[in-house]
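Visitor: Next up, target-v8.csv (CSV, C-alpha atoms).
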```csv
chain,number,residue,atom,x,y,z
A,1,MET,CA,126.0,55.9,202.6
A,2,GLU,CA,129.4,57.4,202.2
A,3,SER,CA,129.6,61.2,202.2
A,4,TYR,CA,130.8,63.0,199.2
A,5,THR,CA,131.3,66.4,197.6
A,6,PRO,CA,130.8,66.7,193.9
A,7,VAL,CA,133.8,68.4,192.2
A,8,ARG,CA,131.5,69.9,189.5
A,9,VAL,CA,128.0,69.9,188.1
A,10,LEU,CA,127.4,68.7,184.6
A,11,ASN,CA,124.4,70.2,182.9
A,12,TYR,CA,122.8,67.7,180.5
A,13,LYS,CA,119.4,69.2,180.8
A,14,GLY,CA,117.2,68.9,177.7
A,15,LEU,CA,119.4,66.2,176.1
A,16,PRO,CA,117.6,63.0,175.3
A,17,CYS,CA,119.0,59.5,175.0
A,18,PRO,CA,121.8,58.6,174.2
A,19,MET,CA,123.5,62.0,174.9
A,20,PRO,CA,123.6,61.9,178.8
A,21,ILE,CA,125.6,58.6,178.9
A,22,VAL,CA,127.6,59.6,175.8
A,23,LYS,CA,128.6,62.9,177.4
A,24,MET,CA,129.2,61.1,180.8
A,25,SER,CA,131.5,58.6,179.2
A,26,GLN,CA,133.5,61.4,177.6
A,27,GLU,CA,133.7,63.2,181.0
A,28,ILE,CA,135.2,60.2,182.9
A,29,PRO,CA,138.8,60.6,181.5
A,30,LYS,CA,138.7,64.3,182.7
A,31,MET,CA,137.9,63.2,186.3
A,32,ALA,CA,140.4,61.9,188.8
A,33,ILE,CA,139.8,58.5,190.3
A,34,GLY,CA,137.5,58.9,193.3
A,35,ASP,CA,136.0,62.2,192.0
A,36,VAL,CA,132.3,62.6,192.2
A,37,VAL,CA,130.3,64.7,189.7
A,38,GLU,CA,126.7,65.8,189.9
A,39,VAL,CA,124.8,65.3,186.6
A,40,HIS,CA,121.7,67.3,185.9
A,41,THR,CA,119.4,65.7,183.4
A,42,THR,CA,115.8,65.9,182.3
A,43,ASP,CA,115.8,62.6,180.5
A,44,PRO,CA,113.6,60.1,182.5
A,45,GLY,CA,115.5,57.2,180.8
A,46,SER,CA,118.6,58.3,182.7
A,47,ILE,CA,117.2,56.9,185.9
A,48,ALA,CA,117.6,53.4,184.5
A,49,ASP,CA,120.5,54.2,182.1
A,50,PHE,CA,123.1,55.6,184.5
A,51,PRO,CA,123.1,52.6,186.8
A,52,ALA,CA,123.2,50.3,183.7
A,53,TRP,CA,126.1,52.3,182.2
A,54,ALA,CA,127.9,52.3,185.6
A,55,LYS,CA,127.5,48.6,186.0
A,56,THR,CA,129.0,47.9,182.5
A,57,THR,CA,131.8,50.4,182.8
A,58,GLY,CA,132.8,49.7,186.4
A,59,GLN,CA,131.9,53.2,187.7
A,60,THR,CA,129.5,53.9,190.5
A,61,VAL,CA,126.2,55.8,190.7
A,62,LEU,CA,126.1,56.9,194.4
A,63,GLU,CA,122.7,58.4,194.3
A,64,ILE,CA,119.8,59.6,192.1
A,65,LYS,CA,117.7,62.4,193.3
A,66,GLN,CA,114.4,63.1,191.5
A,67,GLU,CA,112.9,66.6,191.8
A,68,PRO,CA,110.1,68.1,189.8
A,69,GLY,CA,111.6,68.7,186.3
A,70,LEU,CA,115.1,67.7,187.3
A,71,ILE,CA,117.0,64.4,187.9
A,72,ARG,CA,120.3,64.7,189.7
A,73,VAL,CA,122.7,61.8,189.4
A,74,PHE,CA,125.8,61.5,191.5
A,75,VAL,CA,128.6,59.6,189.7
A,76,LYS,CA,131.9,58.5,191.1
A,77,ARG,CA,134.8,57.5,189.0
A,78,GLN,CA,136.2,54.2,190.3
A,79,LYS,CA,138.8,53.4,187.8
B,1,MET,CA,145.2,14.0,183.3
B,2,ASP,CA,147.0,16.1,185.9
B,3,PHE,CA,145.5,19.3,187.2
B,4,GLU,CA,147.9,21.7,185.4
B,5,GLN,CA,147.1,20.2,182.0
B,6,GLU,CA,143.4,20.2,182.7
B,7,LEU,CA,143.6,23.9,183.5
B,8,GLN,CA,145.5,24.7,180.3
B,9,ALA,CA,142.9,22.8,178.3
B,10,LEU,CA,140.1,24.7,180.0
B,11,LYS,CA,141.8,28.1,179.4
B,12,ALA,CA,142.2,27.3,175.7
B,13,LYS,CA,138.5,26.3,175.6
B,14,VAL,CA,137.4,29.5,177.2
B,15,GLU,CA,139.4,31.7,174.9
B,16,GLU,CA,137.8,29.9,171.9
B,17,MET,CA,134.3,30.5,173.2
B,18,PRO,CA,132.2,32.9,171.1
B,19,GLY,CA,130.9,36.2,172.4
B,20,GLN,CA,133.6,36.8,175.0
B,21,GLU,CA,134.6,40.3,174.1
B,22,ASN,CA,132.9,43.5,175.3
B,23,LYS,CA,132.0,44.3,171.7
B,24,LEU,CA,129.0,45.1,169.6
B,25,SER,CA,128.7,43.9,166.0
B,26,MET,CA,125.8,45.4,164.1
B,27,ILE,CA,124.6,44.9,160.5
B,28,VAL,CA,122.9,48.0,159.0
B,29,PHE,CA,120.9,46.5,156.2
B,30,SER,CA,117.9,48.9,156.0
B,31,GLY,CA,117.9,52.1,154.1
B,32,GLU,CA,115.4,54.1,156.2
B,33,LEU,CA,115.9,57.1,158.4
B,34,ASP,CA,114.2,55.6,161.5
B,35,LYS,CA,116.3,52.5,161.4
B,36,HIS,CA,119.5,54.4,160.8
B,37,LEU,CA,118.7,56.6,163.8
B,38,ALA,CA,118.1,53.5,166.0
B,39,ALA,CA,121.4,51.9,164.7
B,40,MET,CA,123.4,55.1,165.4
B,41,ILE,CA,121.8,55.6,168.9
B,42,ILE,CA,122.6,52.0,169.9
B,43,ALA,CA,126.2,52.3,168.4
B,44,THR,CA,127.0,55.6,170.2
B,45,GLY,CA,125.4,54.3,173.4
B,46,ALA,CA,127.4,51.1,173.3
B,47,ALA,CA,130.6,53.1,172.7
B,48,ALA,CA,129.7,55.1,175.8
B,49,MET,CA,129.3,51.9,177.7
B,50,GLY,CA,132.9,51.1,176.9
B,51,MET,CA,132.2,48.6,174.2
B,52,LYS,CA,134.1,48.3,171.0
B,53,VAL,CA,131.6,48.9,168.2
B,54,VAL,CA,131.7,47.7,164.6
B,55,MET,CA,128.9,48.6,162.2
B,56,PHE,CA,128.6,46.7,158.9
B,57,TYR,CA,126.7,48.5,156.2
B,58,THR,CA,125.2,46.3,153.6
B,59,PHE,CA,122.5,46.4,150.9
B,60,TRP,CA,120.1,49.4,151.3
B,61,GLY,CA,122.2,50.6,154.2
B,62,THR,CA,125.1,51.6,152.1
B,63,ALA,CA,123.2,54.4,150.3
B,64,ALA,CA,123.3,56.4,153.6
B,65,LEU,CA,127.1,56.4,153.4
B,66,ARG,CA,127.1,58.3,150.1
B,67,ASP,CA,128.5,61.8,150.2
B,68,PRO,CA,126.2,64.2,148.2
B,69,LYS,CA,129.1,66.5,147.6
B,70,LYS,CA,131.2,63.9,145.9
B,71,LYS,CA,130.7,63.2,142.2
B,72,VAL,CA,132.1,60.3,140.3
B,73,GLY,CA,132.0,59.6,136.7
B,74,GLY,CA,132.6,56.5,134.5
B,75,LYS,CA,129.6,54.6,135.7
B,76,ASP,CA,127.7,52.2,133.4
B,77,PHE,CA,124.0,52.7,132.6
B,78,MET,CA,122.6,50.4,135.4
B,79,SER,CA,124.9,52.0,138.0
B,80,LYS,CA,123.8,55.5,136.9
B,81,MET,CA,120.2,54.4,137.3
B,82,PHE,CA,120.7,52.9,140.7
B,83,GLY,CA,122.7,56.0,141.7
B,84,PHE,CA,119.8,58.2,140.6
B,85,MET,CA,117.1,56.1,142.3
B,86,LEU,CA,118.8,55.5,145.6
B,87,PRO,CA,119.1,58.2,148.3
B,88,LYS,CA,122.2,60.3,148.0
B,89,GLY,CA,123.4,60.2,151.6
B,90,ARG,CA,122.0,60.1,155.2
B,91,ASN,CA,120.1,63.3,154.8
B,92,LYS,CA,118.1,62.0,151.9
B,93,ILE,CA,116.8,58.8,153.5
B,94,VAL,CA,113.2,58.7,154.6
B,95,LEU,CA,111.0,57.1,157.3
B,96,SER,CA,109.9,53.5,156.8
B,97,LYS,CA,106.4,54.5,157.9
B,98,MET,CA,104.4,57.7,157.6
B,99,HIS,CA,106.7,59.2,155.0
B,100,MET,CA,103.6,60.6,153.3
B,101,ALA,CA,105.4,62.0,150.2
B,102,GLY,CA,107.9,63.8,152.3
B,103,MET,CA,105.6,65.4,154.8
B,104,GLY,CA,106.0,62.8,157.5
B,105,THR,CA,109.7,62.7,157.3
B,106,ALA,CA,110.0,66.5,157.4
B,107,MET,CA,107.6,66.6,160.4
B,108,MET,CA,109.7,63.9,162.2
B,109,LYS,CA,112.9,65.9,161.5
B,110,GLY,CA,111.2,69.1,162.8
B,111,LEU,CA,110.0,67.2,165.9
B,112,MET,CA,113.5,65.8,166.6
B,113,LYS,CA,115.0,69.3,166.4
B,114,LYS,CA,112.3,70.6,168.8
B,115,LYS,CA,112.9,67.8,171.2
B,116,ASN,CA,116.7,68.1,170.9
B,117,VAL,CA,117.1,64.5,169.6
B,118,ALA,CA,120.5,64.2,167.9
B,119,SER,CA,120.4,64.2,164.1
B,120,LEU,CA,122.1,61.7,162.0
B,121,ASP,CA,124.8,64.3,161.2
B,122,GLN,CA,125.5,64.8,164.9
B,123,LEU,CA,125.4,61.0,165.6
B,124,TYR,CA,128.0,60.3,162.9
B,125,GLU,CA,130.2,62.9,164.3
B,126,ILE,CA,129.9,61.5,167.9
B,127,ALA,CA,130.4,58.0,166.6
B,128,GLY,CA,133.6,59.1,164.8
B,129,MET,CA,134.9,60.8,167.9
B,130,MET,CA,134.2,57.7,170.0
B,131,GLY,CA,135.9,55.3,167.6
B,132,VAL,CA,132.9,53.5,166.3
B,133,GLU,CA,134.1,51.5,163.2
B,134,ILE,CA,132.1,51.5,160.0
B,135,LYS,CA,132.7,48.6,157.6
B,136,VAL,CA,131.1,48.7,154.2
B,137,CYS,CA,130.1,45.5,152.3
B,138,GLU,CA,132.1,45.5,149.1
B,139,MET,CA,129.6,43.3,147.3
B,140,SER,CA,126.6,45.7,148.0
B,141,MET,CA,128.7,48.6,146.8
B,142,ASP,CA,129.4,46.8,143.5
B,143,LEU,CA,125.8,45.7,143.1
B,144,MET,CA,124.4,49.2,143.6
B,145,GLY,CA,127.1,50.6,141.4
B,146,PHE,CA,128.6,52.8,144.2
B,147,LYS,CA,132.3,53.7,144.0
B,148,ARG,CA,134.6,54.2,147.0
B,149,GLU,CA,135.2,57.7,145.9
B,150,GLU,CA,131.6,58.7,146.6
B,151,ILE,CA,131.5,57.4,150.2
B,152,ILE,CA,131.7,59.9,153.1
B,153,ASP,CA,134.9,60.9,154.9
B,154,TYR,CA,134.7,59.1,158.2
B,155,PRO,CA,137.7,58.5,160.5
B,156,HIS,CA,137.2,54.7,160.9
B,157,LEU,CA,135.8,53.5,157.6
B,158,ASP,CA,136.8,50.4,155.8
B,159,PHE,CA,135.5,48.0,153.1
B,160,CYS,CA,135.0,44.3,153.7
B,161,GLY,CA,133.1,41.1,153.0
B,162,VAL,CA,130.9,38.7,155.0
B,163,ALA,CA,133.9,36.9,156.6
B,164,THR,CA,135.0,40.1,158.4
B,165,PHE,CA,131.5,40.5,159.8
B,166,LEU,CA,131.4,36.9,161.0
B,167,ALA,CA,134.8,37.0,162.5
B,168,ASN,CA,133.8,40.2,164.5
B,169,ALA,CA,130.4,38.9,165.4
B,170,LYS,CA,131.7,35.6,166.7
B,171,GLU,CA,133.8,37.4,169.4
B,172,SER,CA,131.1,40.0,170.2
B,173,ALA,CA,128.9,39.8,173.2
B,174,VAL,CA,126.2,41.6,171.3
B,175,GLN,CA,125.1,41.2,167.7
B,176,LEU,CA,122.3,43.1,166.0
B,177,PHE,CA,120.7,43.2,162.6
B,178,ILE,CA,118.9,46.4,161.7
```
As structure tokens, what does this structure read like?

Guide:
Amino acid sequence: MESYTPVRVLNYKGLPCPMPIVKMSQEIPKMAIGDVVEVHTTDPGSIADFPAWAKTTGQTVLEIKQEPGLIRVFVKRQK
Amino acid sequence: MDFEQELQALKAKVEEMPGQENKLSMIVFSGELDKHLAAMIIATGAAAMGMKVVMFYTFWGTAALRDPKKKVGGKDFMSKMFGFMLPKGRNKIVLSKMHMAGMGTAMMKGLMKKKNVASLDQLYEIAGMMGVEIKVCEMSMDLMGFKREEIIDYPHLDFCGVATFLANAKESAVQLFI
């Protein structure tokens, strides 16, 4: 896996579907191409939704880390 | 037929094929809160996925687009009756199940707030921001006696008929009826 450093952390904790991907899609234009952000969410649906969102929009989910009470998603802007 | 010609014919055929655009066409037919929530969550989600979204409001669905703050006069008896009987806007629509004379709907709204689920008000705002288009069936409006002047202010709202829906649906990769 390529190494990366997130440029910032996006706190989407407590927000249920569809807000995590809605907010993520609004964040993309604010990122530079190649930037990685770390998304913090508590919505279990995000584990399936972020990869599905990335696949459709052409972005990349580098990694999803699950911890008790927190899901961390690492998203890279590809285009 | 030579290769170049064949290629051109094939290109033309592909362009004519339905469902090629990254687009969602949705009919919002129902007038209940739960169904409107589902419709709006799918619409905003699709917009987040980079899809163009067009929502067609028809029949009972149109009542949710009424603005309770706007008053219009000059309606005939039947229109007044319909106007009185049908919910005045998205915050007056109720659950399709377990409404229980208002108790169920109130409980659901309380639960949504507690669990941080976006309300219809918030979802309409997000949808407007993300460019989700709303098209209202002119015939339903006429049938229910609604006037354009009592419809909500929404940045991408328009009035249309069935042909507009079909033209949009034909080129959409996803079509839904709610």

Visitor: Let me make sure I understand: among B:Leu65, B:Met26, B:Met129, B:Met103, which one has the smallest atom-to-atom distance to Lys23 (chain A) if we use only C-alpha atoms?

Guide: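 Ranked by minimum distance to Lys23 (chain A), first place goes to B:Met129.
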
Visitor: Report the distance between CA of Ser25 (chain B) and CA of Asn168 (chain B) in Å, rounded to one decimal place.

Guide: 6.5 Å

Visitor: Considering only C-alpha atoms, can you say which of B:Ala106, B:Met78, B:Met49, B:Val54 comes closest to chain A?

Guide: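 Ranking B:Ala106, B:Met78, B:Met49, B:Val54 by distance to chain A, first place goes to B:Met49.
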
Visitor: Neighbourhood query: residues within 9 Å of (117.9, 60.4, 189.9), file coordinates, counting only C-alpha atoms; return as a PDB file with C-alpha atoms, in the frame of the given file.

Guide:
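Saved file out_32.pdb follows:
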```
ATOM      1  CA  HIS A  40     121.700  67.300 185.900  1.00  0.00           C
ATOM      2  CA  THR A  41     119.400  65.700 183.400  1.00  0.00           C
ATOM      3  CA  PRO A  44     113.600  60.100 182.500  1.00  0.00           C
ATOM      4  CA  SER A  46     118.600  58.300 182.700  1.00  0.00           C
ATOM      5  CA  ILE A  47     117.200  56.900 185.900  1.00  0.00           C
ATOM      6  CA  ALA A  48     117.600  53.400 184.500  1.00  0.00           C
ATOM      7  CA  PHE A  50     123.100  55.600 184.500  1.00  0.00           C
ATOM      8  CA  GLU A  63     122.700  58.400 194.300  1.00  0.00           C
ATOM      9  CA  ILE A  64     119.800  59.600 192.100  1.00  0.00           C
ATOM     10  CA  LYS A  65     117.700  62.400 193.300  1.00  0.00           C
ATOM     11  CA  GLN A  66     114.400  63.100 191.500  1.00  0.00           C
ATOM     12  CA  GLU A  67     112.900  66.600 191.800  1.00  0.00           C
ATOM     13  CA  LEU A  70     115.100  67.700 187.300  1.00  0.00           C
ATOM     14  CA  ILE A  71     117.000  64.400 187.900  1.00  0.00           C
ATOM     15  CA  ARG A  72     120.300  64.700 189.700  1.00  0.00           C
ATOM     16  CA  VAL A  73     122.700  61.800 189.400  1.00  0.00           C
ATOM     17  CA  PHE A  74     125.800  61.500 191.500  1.00  0.00           C
TER      18      PHE A  74
END
```

Visitor: Can you build me a table of chain A residues sitting at most 9 Å from chain B, with the closest atom pair per residue and its distance in Å to one decimal, using all atoms listed in the file, sorted by chain and residue number, as a Markdown table?

Guide:
```
| residue | atom | partner | partner_atom | distance |
| --- | --- | --- | --- | --- |
| A:Gly14 | CA | B:Asn116 | CA | 6.9 |
| A:Leu15 | CA | B:Asn116 | CA | 6.2 |
| A:Pro16 | CA | B:Val117 | CA | 5.9 |
| A:Cys17 | CA | B:Val117 | CA | 7.6 |
| A:Pro18 | CA | B:Gly45 | CA | 5.7 |
| A:Met19 | CA | B:Ala118 | CA | 7.9 |
| A:Ile21 | CA | B:Ala48 | CA | 6.2 |
| A:Val22 | CA | B:Ala48 | CA | 5.0 |
| A:Lys23 | CA | B:Ala48 | CA | 8.0 |
| A:Met24 | CA | B:Ala48 | CA | 7.8 |
| A:Ser25 | CA | B:Ala48 | CA | 5.2 |
| A:Gln26 | CA | B:Ala48 | CA | 7.6 |
| A:Ala52 | CA | B:Met49 | CA | 8.7 |
| A:Trp53 | CA | B:Met49 | CA | 5.5 |
| A:Ala54 | CA | B:Met49 | CA | 8.0 |
| A:Thr56 | CA | B:Met49 | CA | 6.3 |
| A:Thr57 | CA | B:Met49 | CA | 5.9 |
```

Visitor: Near Gly19 (chain B), within 12 Å and counting all atoms listed in the file, which residues show up once chain neighbours fewer than 6 positions away are dropped, as a ChimeraX atom specification?

Guide: /B:25,166-175

Visitor: Counting all atoms listed in the file, figure out which residue out of A:Ala32, A:Glu38, A:Asp43, A:Pro68 gets nearest to Lys13 (chain A).

Guide: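 Of all the options, A:Asp43 lies closest to Lys13 (chain A).
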
Visitor: Between CA of Lys113 (chain B) and CA of Pro87 (chain B), what is the spacing in Å?

Guide: 21.6 Å

Visitor: What does the distance from CA of Gln78 (chain A) to CA of Met31 (chain A) come to in Å, to one decimal?

Guide: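 Spanning CA of Gln78 (chain A) to CA of Met31 (chain A) is a straight-line distance of 10.0 Å.
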
Visitor: If we count all atoms listed in the file and set the cut-off at 10 Å, which residues sit around Lys70 (chain B), ignoring sequence neighbours fewer than 2 positions away in its own chain? Please answer as a list in words.

Guide: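 Contacts, in chain order: Arg66, Asp67, Pro68, Val72, Lys88, Glu149, Glu150, Ile151 and Ile152 of chain B.
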
Visitor: Within 12 Å of Val36 (chain A), counting all atoms listed in the file, which residues qualify if same-chain residues fewer than 4 places away don't, as a PDB file with C-alpha atoms, in the frame of the given file?

Guide:
```
ATOM      1  CA  GLU A   2     129.400  57.400 202.200  1.00  0.00           C
ATOM      2  CA  SER A   3     129.600  61.200 202.200  1.00  0.00           C
ATOM      3  CA  TYR A   4     130.800  63.000 199.200  1.00  0.00           C
ATOM      4  CA  THR A   5     131.300  66.400 197.600  1.00  0.00           C
ATOM      5  CA  PRO A   6     130.800  66.700 193.900  1.00  0.00           C
ATOM      6  CA  VAL A   7     133.800  68.400 192.200  1.00  0.00           C
ATOM      7  CA  ARG A   8     131.500  69.900 189.500  1.00  0.00           C
ATOM      8  CA  VAL A   9     128.000  69.900 188.100  1.00  0.00           C
ATOM      9  CA  LEU A  10     127.400  68.700 184.600  1.00  0.00           C
ATOM     10  CA  MET A  24     129.200  61.100 180.800  1.00  0.00           C
ATOM     11  CA  GLU A  27     133.700  63.200 181.000  1.00  0.00           C
ATOM     12  CA  ILE A  28     135.200  60.200 182.900  1.00  0.00           C
ATOM     13  CA  LYS A  30     138.700  64.300 182.700  1.00  0.00           C
ATOM     14  CA  MET A  31     137.900  63.200 186.300  1.00  0.00           C
ATOM     15  CA  ALA A  32     140.400  61.900 188.800  1.00  0.00           C
ATOM     16  CA  GLN A  59     131.900  53.200 187.700  1.00  0.00           C
ATOM     17  CA  THR A  60     129.500  53.900 190.500  1.00  0.00           C
ATOM     18  CA  VAL A  61     126.200  55.800 190.700  1.00  0.00           C
ATOM     19  CA  LEU A  62     126.100  56.900 194.400  1.00  0.00           C
ATOM     20  CA  GLU A  63     122.700  58.400 194.300  1.00  0.00           C
ATOM     21  CA  VAL A  73     122.700  61.800 189.400  1.00  0.00           C
ATOM     22  CA  PHE A  74     125.800  61.500 191.500  1.00  0.00           C
ATOM     23  CA  VAL A  75     128.600  59.600 189.700  1.00  0.00           C
ATOM     24  CA  LYS A  76     131.900  58.500 191.100  1.00  0.00           C
ATOM     25  CA  ARG A  77     134.800  57.500 189.000  1.00  0.00           C
ATOM     26  CA  GLN A  78     136.200  54.200 190.300  1.00  0.00           C
TER      27      GLN A  78
END
```
